[in-house]
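work.pdb follows (PDB, C-alpha atoms, pLDDT in the B column):
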ATOM      1  CA  LEU A   6     -31.816 -20.672  -9.987  1.00 51.00           C
ATOM      2  CA  VAL A   7     -30.713 -24.185 -11.035  1.00 56.00           C
ATOM      3  CA  GLY A   8     -27.225 -22.929 -11.887  1.00 58.00           C
ATOM      4  CA  ASP A   9     -27.026 -21.088  -8.580  1.00 61.00           C
ATOM      5  CA  GLY A  10     -27.985 -24.250  -6.718  1.00 62.00           C
ATOM      6  CA  LEU A  11     -25.442 -26.380  -8.569  1.00 56.00           C
ATOM      7  CA  ALA A  12     -22.673 -23.872  -7.890  1.00 59.00           C
ATOM      8  CA  THR A  13     -23.535 -23.770  -4.176  1.00 61.00           C
ATOM      9  CA  SER A  14     -23.575 -27.577  -3.973  1.00 60.00           C
ATOM     10  CA  LEU A  15     -20.215 -27.893  -5.715  1.00 56.00           C
ATOM     11  CA  SER A  16     -18.691 -25.231  -3.454  1.00 58.00           C
ATOM     12  CA  ALA A  17     -19.906 -27.097  -0.361  1.00 57.00           C
ATOM     13  CA  LEU A  18     -18.421 -30.395  -1.588  1.00 56.00           C
ATOM     14  CA  LEU A  19     -15.040 -28.680  -1.998  1.00 55.00           C
ATOM     15  CA  GLY A  20     -15.168 -27.124   1.462  1.00 56.00           C
ATOM     16  CA  GLY A  21     -16.161 -23.652   0.307  1.00 55.00           C
ATOM     17  CA  PRO A  22     -17.705 -21.098   2.719  1.00 54.00           C
ATOM     18  CA  ALA A  23     -21.430 -20.724   3.191  1.00 52.00           C
ATOM     19  CA  ASN A  24     -23.114 -18.212   0.908  1.00 56.00           C
ATOM     20  CA  THR A  25     -26.487 -16.640   0.291  1.00 54.00           C
ATOM     21  CA  THR A  26     -28.001 -17.624  -3.059  1.00 54.00           C
ATOM     22  CA  TYR A  27     -30.045 -15.561  -5.473  1.00 50.00           C
ATOM     23  CA  GLY A  28     -33.067 -17.745  -4.742  1.00 54.00           C
ATOM     24  CA  GLU A  29     -32.809 -17.158  -1.002  1.00 51.00           C
ATOM     25  CA  ASN A  30     -32.491 -13.410  -1.485  1.00 52.00           C
ATOM     26  CA  THR A  31     -35.517 -13.370  -3.786  1.00 52.00           C
ATOM     27  CA  GLY A  32     -37.553 -15.320  -1.223  1.00 50.00           C
ATOM     28  CA  VAL A  33     -36.619 -12.986   1.621  1.00 55.00           C
ATOM     29  CA  LEU A  34     -37.541  -9.927  -0.408  1.00 52.00           C
ATOM     30  CA  ALA A  35     -40.883 -11.398  -1.459  1.00 55.00           C
ATOM     31  CA  LEU A  36     -41.835 -12.367   2.104  1.00 54.00           C
ATOM     32  CA  SER A  37     -40.639  -9.186   3.824  1.00 62.00           C
ATOM     33  CA  LYS A  38     -41.809  -6.784   1.088  1.00 66.00           C
ATOM     34  CA  VAL A  39     -38.589  -4.847   1.668  1.00 65.00           C
ATOM     35  CA  TYR A  40     -37.009  -3.807  -1.611  1.00 65.00           C
ATOM     36  CA  ASP A  41     -35.398  -0.437  -0.844  1.00 70.00           C
ATOM     37  CA  PRO A  42     -32.583   0.683   1.489  1.00 71.00           C
ATOM     38  CA  GLY A  43     -33.558   2.401   4.738  1.00 73.00           C
ATOM     39  CA  GLU A  44     -35.333   1.611   8.012  1.00 79.00           C
ATOM     40  CA  HIS A  45     -38.359  -0.672   7.826  1.00 77.00           C
ATOM     41  CA  GLU A  46     -40.933  -1.883  10.350  1.00 83.00           C
ATOM     42  CA  LEU A  47     -42.309  -5.398   9.772  1.00 83.00           C
ATOM     43  CA  PHE A  48     -45.331  -7.100  11.260  1.00 81.00           C
ATOM     44  CA  TYR A  49     -45.106 -10.792  12.065  1.00 81.00           C
ATOM     45  CA  THR A  50     -47.267 -13.770  13.000  1.00 81.00           C
ATOM     46  CA  PRO A  51     -46.007 -16.494  15.387  1.00 80.00           C
ATOM     47  CA  VAL A  52     -46.019 -19.969  13.833  1.00 81.00           C
ATOM     48  CA  PHE A  53     -46.230 -23.033  16.125  1.00 81.00           C
ATOM     49  CA  PRO A  54     -44.655 -26.442  15.420  1.00 83.00           C
ATOM     50  CA  GLY A  55     -46.628 -28.746  13.153  1.00 78.00           C
ATOM     51  CA  ASP A  56     -47.476 -31.244  15.911  1.00 81.00           C
ATOM     52  CA  VAL A  57     -49.369 -28.617  17.942  1.00 81.00           C
ATOM     53  CA  PRO A  58     -53.163 -29.029  17.343  1.00 82.00           C
ATOM     54  CA  ASN A  59     -55.040 -26.089  15.898  1.00 75.00           C
ATOM     55  CA  GLY A  60     -56.509 -23.909  18.626  1.00 76.00           C
ATOM     56  CA  ALA A  61     -54.335 -25.455  21.343  1.00 81.00           C
ATOM     57  CA  LEU A  62     -52.435 -22.206  21.831  1.00 81.00           C
ATOM     58  CA  THR A  63     -53.544 -18.603  21.669  1.00 83.00           C
ATOM     59  CA  VAL A  64     -51.320 -15.562  21.209  1.00 83.00           C
ATOM     60  CA  GLU A  65     -52.257 -13.131  23.967  1.00 83.00           C
ATOM     61  CA  VAL A  66     -49.463 -10.557  23.600  1.00 86.00           C
ATOM     62  CA  LYS A  67     -46.663 -10.002  21.097  1.00 84.00           C
ATOM     63  CA  SER A  68     -43.625  -8.118  22.312  1.00 84.00           C
ATOM     64  CA  PRO A  69     -42.409  -6.372  20.386  1.00 86.00           C
ATOM     65  CA  GLU A  70     -45.411  -5.803  18.193  1.00 83.00           C
ATOM     66  CA  THR A  71     -43.193  -5.225  15.162  1.00 85.00           C
ATOM     67  CA  ILE A  72     -39.648  -5.919  14.091  1.00 86.00           C
ATOM     68  CA  LYS A  73     -37.490  -3.020  12.912  1.00 85.00           C
ATOM     69  CA  ILE A  74     -34.764  -3.677  10.367  1.00 79.00           C
ATOM     70  CA  THR A  75     -32.260  -1.471   8.556  1.00 77.00           C
ATOM     71  CA  VAL A  76     -31.371  -2.275   4.950  1.00 76.00           C
ATOM     72  CA  GLU A  77     -28.298  -0.689   3.341  1.00 74.00           C
ATOM     73  CA  LYS A  78     -27.369  -0.473  -0.300  1.00 84.00           C
ATOM     74  CA  ARG A  79     -24.293  -2.521  -1.194  1.00 87.00           C
ATOM     75  CA  VAL A  80     -21.810  -0.609  -3.360  1.00 92.00           C
ATOM     76  CA  LYS A  81     -18.252  -1.062  -4.580  1.00 94.00           C
ATOM     77  CA  LYS A  82     -15.353   1.137  -5.620  1.00 96.00           C
ATOM     78  CA  PRO A  83     -11.550   1.046  -6.117  1.00 97.00           C
ATOM     79  CA  VAL A  84      -9.205   2.730  -3.617  1.00 97.00           C
ATOM     80  CA  ASP A  85      -5.521   3.582  -4.018  1.00 98.00           C
ATOM     81  CA  VAL A  86      -2.784   1.686  -2.198  1.00 97.00           C
ATOM     82  CA  ARG A  87      -0.401   3.827  -0.153  1.00 97.00           C
ATOM     83  CA  VAL A  88       2.863   2.685   1.430  1.00 96.00           C
ATOM     84  CA  ASN A  89       3.802   4.121   4.826  1.00 96.00           C
ATOM     85  CA  PHE A  90       7.550   3.691   5.455  1.00 96.00           C
ATOM     86  CA  THR A  91       8.733   4.039   9.053  1.00 96.00           C
ATOM     87  CA  GLY A  92      12.155   3.776  10.654  1.00 96.00           C
ATOM     88  CA  ALA A  93      15.561   4.067   8.980  1.00 95.00           C
ATOM     89  CA  VAL A  94      17.661   1.491   7.157  1.00 94.00           C
ATOM     90  CA  ALA A  95      21.065   0.509   8.551  1.00 92.00           C
ATOM     91  CA  GLU A  96      23.906   3.028   8.497  1.00 91.00           C
ATOM     92  CA  ASN A  97      25.516   3.496   5.075  1.00 90.00           C
ATOM     93  CA  TYR A  98      22.441   2.122   3.305  1.00 91.00           C
ATOM     94  CA  MET A  99      19.612   3.843   1.437  1.00 91.00           C
ATOM     95  CA  ALA A 100      16.096   2.764   0.423  1.00 92.00           C
ATOM     96  CA  ASP A 101      14.767   3.701  -3.004  1.00 90.00           C
ATOM     97  CA  MET A 102      11.200   4.425  -1.880  1.00 90.00           C
ATOM     98  CA  GLU A 103      10.280   6.497  -4.942  1.00 90.00           C
ATOM     99  CA  ASN A 104      10.730   3.610  -7.390  1.00 93.00           C
ATOM    100  CA  ARG A 105       8.951   0.946  -5.369  1.00 94.00           C
ATOM    101  CA  ILE A 106       6.806  -1.589  -7.249  1.00 97.00           C
ATOM    102  CA  LEU A 107       3.392  -2.892  -6.121  1.00 97.00           C
ATOM    103  CA  ASP A 108       1.616  -5.804  -7.796  1.00 96.00           C
ATOM    104  CA  TYR A 109      -1.678  -4.004  -7.001  1.00 97.00           C
ATOM    105  CA  THR A 110      -1.866  -0.211  -7.030  1.00 97.00           C
ATOM    106  CA  THR A 111      -5.600  -0.225  -6.222  1.00 97.00           C
ATOM    107  CA  VAL A 112      -7.904  -2.460  -4.179  1.00 97.00           C
ATOM    108  CA  ASN A 113     -11.524  -3.094  -5.154  1.00 97.00           C
ATOM    109  CA  ILE A 114     -13.799  -2.949  -2.107  1.00 97.00           C
ATOM    110  CA  SER A 115     -17.521  -3.664  -1.720  1.00 95.00           C
ATOM    111  CA  GLY A 116     -19.948  -3.450   1.178  1.00 93.00           C
ATOM    112  CA  PRO A 117     -22.571  -1.242   2.832  1.00 92.00           C
ATOM    113  CA  SER A 118     -22.544   2.254   1.370  1.00 91.00           C
ATOM    114  CA  SER A 119     -22.254   3.857   4.828  1.00 90.00           C
ATOM    115  CA  VAL A 120     -18.911   2.076   5.336  1.00 94.00           C
ATOM    116  CA  ILE A 121     -17.619   2.294   1.768  1.00 95.00           C
ATOM    117  CA  ASP A 122     -18.108   6.079   1.801  1.00 95.00           C
ATOM    118  CA  LEU A 123     -15.708   6.335   4.768  1.00 96.00           C
ATOM    119  CA  ILE A 124     -12.844   4.444   3.108  1.00 97.00           C
ATOM    120  CA  ASP A 125     -10.307   6.597   1.255  1.00 97.00           C
ATOM    121  CA  HIS A 126      -7.311   4.288   0.691  1.00 98.00           C
ATOM    122  CA  ALA A 127      -5.561   1.042   1.601  1.00 98.00           C
ATOM    123  CA  LYS A 128      -2.405   1.531   3.708  1.00 98.00           C
ATOM    124  CA  ILE A 129       0.625  -0.746   3.898  1.00 97.00           C
ATOM    125  CA  ASP A 130       2.960  -0.216   6.865  1.00 97.00           C
ATOM    126  CA  VAL A 131       6.628  -1.091   6.221  1.00 96.00           C
ATOM    127  CA  ASP A 132       9.260  -0.847   8.963  1.00 97.00           C
ATOM    128  CA  LEU A 133      12.707  -0.089   7.492  1.00 96.00           C
ATOM    129  CA  THR A 134      14.554  -0.149  10.823  1.00 96.00           C
ATOM    130  CA  GLY A 135      17.967  -1.786  10.400  1.00 94.00           C
ATOM    131  CA  ARG A 136      17.237  -3.252   6.978  1.00 93.00           C
ATOM    132  CA  VAL A 137      20.179  -3.993   4.660  1.00 90.00           C
ATOM    133  CA  GLU A 138      18.438  -6.247   2.115  1.00 90.00           C
ATOM    134  CA  SER A 139      16.056  -5.188  -0.633  1.00 92.00           C
ATOM    135  CA  ILE A 140      12.351  -5.741   0.052  1.00 95.00           C
ATOM    136  CA  SER A 141      10.371  -8.346  -1.880  1.00 96.00           C
ATOM    137  CA  GLU A 142       7.514  -9.378   0.410  1.00 96.00           C
ATOM    138  CA  ASN A 143       3.736  -9.695   0.695  1.00 97.00           C
ATOM    139  CA  PHE A 144       2.081  -7.255   3.090  1.00 97.00           C
ATOM    140  CA  ARG A 145      -1.409  -7.015   4.546  1.00 97.00           C
ATOM    141  CA  TYR A 146      -3.066  -3.626   4.346  1.00 97.00           C
ATOM    142  CA  THR A 147      -5.457  -1.530   6.415  1.00 97.00           C
ATOM    143  CA  LEU A 148      -8.451   0.301   4.965  1.00 97.00           C
ATOM    144  CA  CYS A 149      -8.305   3.926   6.171  1.00 97.00           C
ATOM    145  CA  ASP A 150     -10.304   7.148   5.945  1.00 97.00           C
ATOM    146  CA  VAL A 151      -9.062  10.507   4.640  1.00 96.00           C
ATOM    147  CA  ASP A 152      -7.363  11.168   7.996  1.00 97.00           C
ATOM    148  CA  ASN A 153      -5.388   7.910   7.672  1.00 96.00           C
ATOM    149  CA  LYS A 154      -7.370   6.327  10.518  1.00 97.00           C
ATOM    150  CA  PRO A 155      -8.444   2.653  10.260  1.00 97.00           C
ATOM    151  CA  VAL A 156     -12.062   1.936   9.296  1.00 97.00           C
ATOM    152  CA  ASN A 157     -13.985  -1.015  10.720  1.00 94.00           C
ATOM    153  CA  ALA A 158     -13.995  -3.270   7.663  1.00 91.00           C
ATOM    154  CA  GLN A 159     -15.732  -6.383   9.014  1.00 92.00           C
ATOM    155  CA  GLN A 160     -18.546  -6.000   6.479  1.00 91.00           C
ATOM    156  CA  ILE A 161     -16.204  -5.207   3.582  1.00 95.00           C
ATOM    157  CA  THR A 162     -15.027  -7.661   0.947  1.00 95.00           C
ATOM    158  CA  THR A 163     -11.986  -7.043  -1.254  1.00 96.00           C
ATOM    159  CA  ASN A 164     -10.447  -8.555  -4.363  1.00 96.00           C
ATOM    160  CA  VAL A 165      -7.061  -9.201  -2.725  1.00 96.00           C
ATOM    161  CA  GLU A 166      -5.862  -9.922   0.829  1.00 94.00           C
ATOM    162  CA  GLN A 167      -2.148  -9.150   0.456  1.00 96.00           C
ATOM    163  CA  ILE A 168      -0.065  -6.892  -1.777  1.00 97.00           C
ATOM    164  CA  ARG A 169       3.491  -7.601  -2.899  1.00 97.00           C
ATOM    165  CA  LEU A 170       6.043  -4.812  -2.500  1.00 97.00           C
ATOM    166  CA  ASP A 171       9.445  -4.665  -4.175  1.00 97.00           C
ATOM    167  CA  ALA A 172      11.855  -1.888  -3.138  1.00 95.00           C
ATOM    168  CA  GLN A 173      15.622  -1.600  -3.547  1.00 93.00           C
ATOM    169  CA  ILE A 174      17.896  -1.103  -0.527  1.00 92.00           C
ATOM    170  CA  GLN A 175      21.511  -0.419  -1.480  1.00 90.00           C
ATOM    171  CA  ARG A 176      24.751   0.380   0.303  1.00 89.00           C
ATOM    172  CA  ILE A 177      26.090   3.929   0.158  1.00 90.00           C
ATOM    173  CA  LYS A 178      29.778   4.688  -0.331  1.00 89.00           C
ATOM    174  CA  GLU A 179      31.512   8.059  -0.065  1.00 90.00           C
ATOM    175  CA  MET A 180      34.390   8.546  -2.506  1.00 90.00           C
ATOM    176  CA  ASP A 181      37.054  11.262  -2.631  1.00 91.00           C
ATOM    177  CA  LEU A 182      37.141  13.286  -5.859  1.00 92.00           C
ATOM    178  CA  VAL A 183      40.583  13.784  -7.415  1.00 91.00           C
ATOM    179  CA  ALA A 184      42.015  15.241 -10.619  1.00 89.00           C
ATOM    180  CA  ASP A 185      45.083  14.351 -12.684  1.00 91.00           C
ATOM    181  CA  ILE A 186      47.250  17.494 -12.657  1.00 89.00           C
ATOM    182  CA  VAL A 187      49.686  18.214 -15.504  1.00 91.00           C
ATOM    183  CA  TYR A 188      52.125  20.913 -14.351  1.00 89.00           C
ATOM    184  CA  GLY A 189      53.612  23.360 -16.809  1.00 86.00           C
ATOM    185  CA  GLY A 190      53.707  26.978 -17.919  1.00 80.00           C
ATOM    186  CA  GLY A 191      55.465  27.951 -14.707  1.00 83.00           C
ATOM    187  CA  ALA A 192      52.975  26.072 -12.485  1.00 85.00           C
ATOM    188  CA  THR A 193      54.558  23.558 -10.117  1.00 87.00           C
ATOM    189  CA  LYS A 194      53.513  21.619  -7.020  1.00 87.00           C
ATOM    190  CA  ASP A 195      55.235  24.243  -4.888  1.00 88.00           C
ATOM    191  CA  ASN A 196      53.428  27.315  -6.254  1.00 86.00           C
ATOM    192  CA  THR A 197      50.043  25.881  -7.262  1.00 84.00           C
ATOM    193  CA  ILE A 198      47.011  24.890  -5.218  1.00 84.00           C
ATOM    194  CA  VAL A 199      44.233  22.892  -6.922  1.00 83.00           C
ATOM    195  CA  LYS A 200      40.969  22.571  -5.027  1.00 85.00           C
ATOM    196  CA  LEU A 201      37.960  20.499  -6.043  1.00 86.00           C
ATOM    197  CA  GLU A 202      34.424  21.299  -4.970  1.00 87.00           C
ATOM    198  CA  PRO A 203      32.747  19.178  -3.845  1.00 89.00           C
ATOM    199  CA  GLU A 204      35.554  17.132  -2.373  1.00 90.00           C
ATOM    200  CA  THR A 205      33.553  13.907  -2.116  1.00 92.00           C
ATOM    201  CA  ILE A 206      30.649  12.180  -3.827  1.00 90.00           C
ATOM    202  CA  ARG A 207      28.211   9.588  -2.535  1.00 88.00           C
ATOM    203  CA  VAL A 208      27.297   6.598  -4.695  1.00 88.00           C
ATOM    204  CA  SER A 209      25.089   3.586  -4.111  1.00 86.00           C
ATOM    205  CA  GLY A 210      24.905   0.115  -5.621  1.00 83.00           C
ATOM    206  CA  GLY A 211      25.702  -3.535  -5.131  1.00 77.00           C
ATOM    207  CA  GLU A 212      28.647  -4.680  -3.053  1.00 77.00           C
ATOM    208  CA  ALA A 213      30.650  -5.981  -6.043  1.00 80.00           C
ATOM    209  CA  VAL A 214      30.216  -2.783  -8.050  1.00 83.00           C
ATOM    210  CA  LEU A 215      31.194  -0.535  -5.132  1.00 84.00           C
ATOM    211  CA  ALA A 216      34.293  -2.636  -4.428  1.00 82.00           C
ATOM    212  CA  GLU A 217      35.500  -2.151  -8.023  1.00 85.00           C
ATOM    213  CA  LEU A 218      35.162   1.630  -7.745  1.00 83.00           C
ATOM    214  CA  GLY A 219      37.764   1.900  -4.992  1.00 86.00           C
ATOM    215  CA  ASP A 220      37.952   4.862  -2.604  1.00 88.00           C
ATOM    216  CA  THR A 221      38.656   7.686  -5.095  1.00 90.00           C
ATOM    217  CA  TYR A 222      37.144   8.872  -8.343  1.00 89.00           C
ATOM    218  CA  THR A 223      39.154  10.792 -10.948  1.00 90.00           C
ATOM    219  CA  VAL A 224      37.053  13.627 -12.267  1.00 87.00           C
ATOM    220  CA  CYS A 225      39.271  15.011 -14.995  1.00 87.00           C
ATOM    221  CA  THR A 226      42.750  15.889 -16.220  1.00 89.00           C
ATOM    222  CA  ILE A 227      43.878  19.531 -15.756  1.00 87.00           C
ATOM    223  CA  ASN A 228      46.757  20.884 -17.822  1.00 87.00           C
ATOM    224  CA  LEU A 229      47.972  23.897 -15.901  1.00 83.00           C
ATOM    225  CA  ALA A 230      50.000  25.120 -18.899  1.00 84.00           C
ATOM    226  CA  GLU A 231      46.715  25.858 -20.681  1.00 82.00           C
ATOM    227  CA  ILE A 232      45.372  28.037 -17.871  1.00 77.00           C
ATOM    228  CA  GLU A 233      46.278  31.684 -18.401  1.00 70.00           C
ATOM    229  CA  ARG A 234      45.110  33.218 -15.122  1.00 65.00           C
ATOM    230  CA  SER A 235      45.932  32.151 -11.605  1.00 63.00           C
ATOM    231  CA  THR A 236      42.305  32.184 -10.463  1.00 60.00           C
ATOM    232  CA  LYS A 237      39.911  30.439 -12.764  1.00 61.00           C
ATOM    233  CA  ASP A 238      36.907  28.239 -12.103  1.00 71.00           C
ATOM    234  CA  LEU A 239      36.736  25.135 -14.256  1.00 70.00           C
ATOM    235  CA  LYS A 240      33.575  23.036 -14.422  1.00 73.00           C
ATOM    236  CA  TYR A 241      33.614  19.331 -15.236  1.00 67.00           C
ATOM    237  CA  THR A 242      30.717  16.921 -15.578  1.00 67.00           C
TER     238      THR A 242
END
Let me see whether you can do it: turn the structure in this file into C-alpha cells.
Amino acid sequence: LVGDGLATSLSALLGGPANTTYGENTGVLALSKVYDPGEHELFYTPVFPGDVPNGALTVEVKSPETIKITVEKRVKKPVDVRVNFTGAVAENYMADMENRILDYTTVNISGPSSVIDLIDHAKIDVDLTGRVESISENFRYTLCDVDNKPVNAQQITTNVEQIRLDAQIQRIKEMDLVADIVYGGGATKDNTIVKLEPETIRVSGGEAVLAELGDTYTVCTINLAEIERSTKDLKYT
C-alpha cells in the first residue's frame, strides 16, 4: 500500500493521469461486499454532514430503496494486426503488399470480458491511391469483430497506440525480349523467322536500376546452323 501511494504521488507530480489504487479498490470491495462479477443489489444508509445535529433530520423515504450495480471481470488477450489496402498506386507502379513489415504484429488488449470477447483483430486502413513512394509511416488502428466491423473500445486499454508499416512501392517497366541470331546452315534473314514468346517482360525496381536496363533485354544467342529442323521450340531461362 505504501509503494502504491508513493507511485501515485510521483505520477501526479509529473502530470500523470488519475488512477485507482490497490488500496482504494480494496476499500470499495470491503464496504460494498461485492467480490464477484455479475449484477448486485446494494442497500445504503444516507449520511448527513457533520455539522447537522443528531436527530435533526429523519429519513422518511428512500428512493430507490437499493442501488443496482453490474460488475464485469477484466480480462486481456492478444489480437492479430491486419492491414487493409485500398485504392491503386500510380500507373506503372506496384506495391509489394505481401512483404510488408509491421513493428507490431499483435496488440495486447484488456478490458471488460463482454467487450474483449467481441474483438477479433486490429485493422489498419492504408489508402494506396496515387502513391509513388514507398510507405514508412505510423498508423492508428481500429479494433474489429470477426465481421471486420468496429467495436466500441472506450473501455479498452492497449499496449500500443500506433503501428509502423513499411511497404515497398516500385516503378514497373516493360522491356522487349530479343535474341542474338547467328545465321548459317542455309538460314538467312530472308528465309528465316524467329519468334520469341513472350515478347515482353515486366520488371520493377528503383529508377537508377531501371534506367541502366534500357528498353530491351537479350535473352540468348541462337545459332541457326545448329538447328536441324525448321520448326523447333527452344526454351531459355
* Find the distance between CA of Thr147 (chain A) and CA of His126 (chain A) and write it in Å to one decimal. =>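 For CA of Thr147 (chain A) relative to CA of His126 (chain A), the distance reads 8.4 Å.
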* Residues returned when the PyMOL selection byres ((chain A and resi 150) around 8) runs on this file, as a PyMOL selection string -> chain A and resi 123-126+148-149+151-156
* Of the listed residues A:His45, A:Thr50, A:Leu62, A:Val214, that which approaches Thr75 (chain A) most closely, counting all atoms listed in the file -> A:His45
* Minimum-distance residue to Glu204 (chain A), chosen among A:Glu96, A:Asp238, A:Glu179, A:Asp85 (using only C-alpha atoms) -> A:Glu179
Tyr49 (chain A) surroundings by all atoms listed in the file, 8 Å radius, close-in-sequence under 5 positions cut, as a short mmCIF file (atom, residue, chain, number, x, y, z; two decimals) with C-alpha atoms, keeping the file's coordinate frame:
data_model
loop_
_atom_site.label_atom_id
_atom_site.label_comp_id
_atom_site.auth_asym_id
_atom_site.auth_seq_id
_atom_site.Cartn_x
_atom_site.Cartn_y
_atom_site.Cartn_z
CA GLU A 70 -45.41 -5.80 18.19
CA THR A 71 -43.19 -5.22 15.16
CA ILE A 72 -39.65 -5.92 14.09
#
* Expanded to explicit residues, what is the PyMOL selection byres ((chain A and resi 79) around 7) for this file, as a list in words? ->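 Expected selection for the PyMOL selection byres ((chain A and resi 79) around 7) here is Glu77, Lys78, Val80, Ser115, Gly116, Pro117 and Ser118 of chain A.
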* To do: Determine, counting only C-alpha atoms, which protein, DNA and RNA residues have an atom within 9 Å of an atom of Ala93 (chain A); residues of the same chain fewer than 5 positions away are not included. Present the result as JSON, numbers by chain.
  => {"A": [99, 100, 132, 133, 134, 135, 136]}
* To do: With the file shown as input, list the residues that the PyMOL selection byres ((chain A and resi 98) around 9) selects, as a PyMOL selection string.
  => chain A and resi 94-97+99-100+136-137+174-178+209
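With all atoms listed in the file as the atoms that count, the minimum distance from Asn143 (chain A) to the choices A:Ser68, A:Thr63, A:Gln167, A:Asn228 is reached by A:Gln167.
One finds CA of Gln160 (chain A) at 24.0 Å from CA of Leu47 (chain A).
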* What separation in Å, quoted to one decimal, exists between CA of Glu202 (chain A) and CA of Leu239 (chain A)? ->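 So the answer is 10.3 Å.
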